[in-house]
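Everything on this sheet refers to the single structure shown next.
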Amino acid sequence: MSYYKHHIFFCLNQRENGDASCAQQGAQAAFDHCKQSVKAAGLAGPGGVRVNKAGCLDRCAGGPVAVVYPDETWYTFVDAEDIDEVVERHLKGGEKVERLMLAPTVGR
């Protein structure tokens, strides 16, 4: 048994050269919202979910992005409602949110 059931990593990368990055697209607010939602749902902590910050995940073209492990599920999102859906359906219910999944071909 793993210490956490799931990790969700949010790219919070900010590019200094002005190129598009997840930080420019509300990634920090989404991270903060996810952390609060996971805690409110009683999912935080050992045996549950860990919400983590990440640097560049190299999928900028689909940004902002987050990835759930160990499920290897990549998501893009627009707003807090999208994050709530990932928390409820995937992290709590075990069902991937297909409409938010990042296509495997999306890269930098």
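Here, A, B, ... name the chains of the structure tokens in the order displayed, residue numbers run from 1 inside each chain, and ligands are numbered from 1 in the same displayed order.
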As an MDAnalysis selection string, which residues of chain A does DSSP assign to strand (DSSP E or B)? chainID A and resid 6:11 44 49:54 65:69 73:76 101
Given the selection you just returned, output its residues as a file containing N, CA and C atoms, formatted as a short mmCIF file (atom, residue, chain, number, x, y, z; two decimals), in the first residue's frame.
```cif
data_model
loop_
_atom_site.label_atom_id
_atom_site.label_comp_id
_atom_site.auth_asym_id
_atom_site.auth_seq_id
_atom_site.Cartn_x
_atom_site.Cartn_y
_atom_site.Cartn_z
N HIS A 6 -3.42 8.82 -4.07
CA HIS A 6 -3.20 9.63 -5.26
C HIS A 6 -2.33 10.84 -4.93
N HIS A 7 -1.55 11.24 -5.91
CA HIS A 7 -0.88 12.54 -5.93
C HIS A 7 -1.46 13.27 -7.12
N ILE A 8 -1.76 14.55 -6.94
CA ILE A 8 -2.11 15.38 -8.09
C ILE A 8 -1.10 16.52 -8.12
N PHE A 9 -0.38 16.60 -9.24
CA PHE A 9 0.66 17.61 -9.44
C PHE A 9 0.14 18.69 -10.37
N PHE A 10 0.27 19.94 -9.95
CA PHE A 10 -0.11 21.09 -10.77
C PHE A 10 1.14 21.79 -11.26
N CYS A 11 1.24 21.97 -12.57
CA CYS A 11 2.34 22.76 -13.13
C CYS A 11 2.11 24.21 -12.73
N ALA A 44 -7.58 14.45 2.23
CA ALA A 44 -6.18 14.82 2.43
C ALA A 44 -5.51 13.89 3.44
N VAL A 49 -5.15 11.71 -0.53
CA VAL A 49 -4.65 12.50 -1.66
C VAL A 49 -3.64 13.53 -1.17
N ARG A 50 -2.60 13.70 -1.94
CA ARG A 50 -1.61 14.75 -1.72
C ARG A 50 -1.64 15.66 -2.93
N VAL A 51 -1.85 16.96 -2.71
CA VAL A 51 -1.85 17.96 -3.78
C VAL A 51 -0.47 18.60 -3.78
N ASN A 52 0.23 18.50 -4.93
CA ASN A 52 1.61 18.96 -5.02
C ASN A 52 1.80 20.03 -6.08
N LYS A 53 2.77 20.91 -5.82
CA LYS A 53 3.23 21.88 -6.82
C LYS A 53 4.28 21.19 -7.68
N ALA A 54 4.33 21.58 -8.94
CA ALA A 54 5.37 21.06 -9.84
C ALA A 54 5.89 22.20 -10.69
N VAL A 65 -2.06 22.58 -16.82
CA VAL A 65 -2.15 21.13 -16.70
C VAL A 65 -1.91 20.66 -15.27
N ALA A 66 -2.50 19.49 -14.99
CA ALA A 66 -2.27 18.76 -13.75
C ALA A 66 -2.25 17.28 -14.12
N VAL A 67 -1.55 16.50 -13.32
CA VAL A 67 -1.47 15.06 -13.58
C VAL A 67 -1.72 14.30 -12.28
N VAL A 68 -2.52 13.24 -12.38
CA VAL A 68 -2.84 12.40 -11.23
C VAL A 68 -2.04 11.12 -11.33
N TYR A 69 -1.30 10.81 -10.27
CA TYR A 69 -0.58 9.55 -10.16
C TYR A 69 -1.10 8.78 -8.96
N THR A 73 -2.93 10.11 -15.30
CA THR A 73 -4.02 10.81 -15.99
C THR A 73 -3.71 12.30 -16.02
N TRP A 74 -3.61 12.83 -17.22
CA TRP A 74 -3.30 14.24 -17.43
C TRP A 74 -4.57 15.03 -17.69
N TYR A 75 -4.70 16.16 -17.00
CA TYR A 75 -5.87 17.01 -17.16
C TYR A 75 -5.47 18.43 -17.54
N THR A 76 -6.37 19.06 -18.27
CA THR A 76 -6.35 20.49 -18.47
C THR A 76 -7.62 21.01 -17.83
N MET A 101 -9.50 15.40 -19.93
CA MET A 101 -8.23 14.72 -20.15
C MET A 101 -7.47 15.33 -21.32
#
```
If you count only C-alpha atoms, which residues fall within 8 Å of Cys34 in chain A, apart from same-chain ones fewer than 2 positions away, as a ChimeraX atom specification? /A:30-32,36-38,51,83-84,87
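Nearest to Gly42 in chain A of all the residues A:Asp19, A:Leu91, A:Glu72, A:Val97 is A:Leu91, based on only C-alpha atoms.
Among the candidate residues A:Cys22, A:Ala41, A:Gln28, A:Asn17, the one lying nearest to Lys92 in chain A is A:Ala41, with distances computed using only C-alpha atoms.
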CA of Pro104 in chain A to CA of Ala23 in chain A measures 21.4 Å
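Here the question is which of A:Lys5, A:Arg59, A:His33, A:Arg108 gets nearest to Asp82 in chain A using only C-alpha atoms, and that residue is A:His33.
Distances from A:Leu12, A:Ala20, A:Val86, A:Ala61 to Leu102 in chain A were compared using only C-alpha atoms, and the smallest one belongs to A:Ala61.
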Could you please determine the separation between CA of Leu57 in chain A and CA of Thr105 in chain A in Å, to one decimal place? 13.9 Å
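Of the residues under consideration (A:Gly62, A:Asn13, A:Pro46, A:Leu100), A:Leu100 shows the shortest atom-to-atom contact distance to Glu81 in chain A when counting only C-alpha atoms.
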Please, what distance in Å, to one decimal, runs between CA of Ser2 in chain A and CA of Gly47 in chain A? 7.3 Å
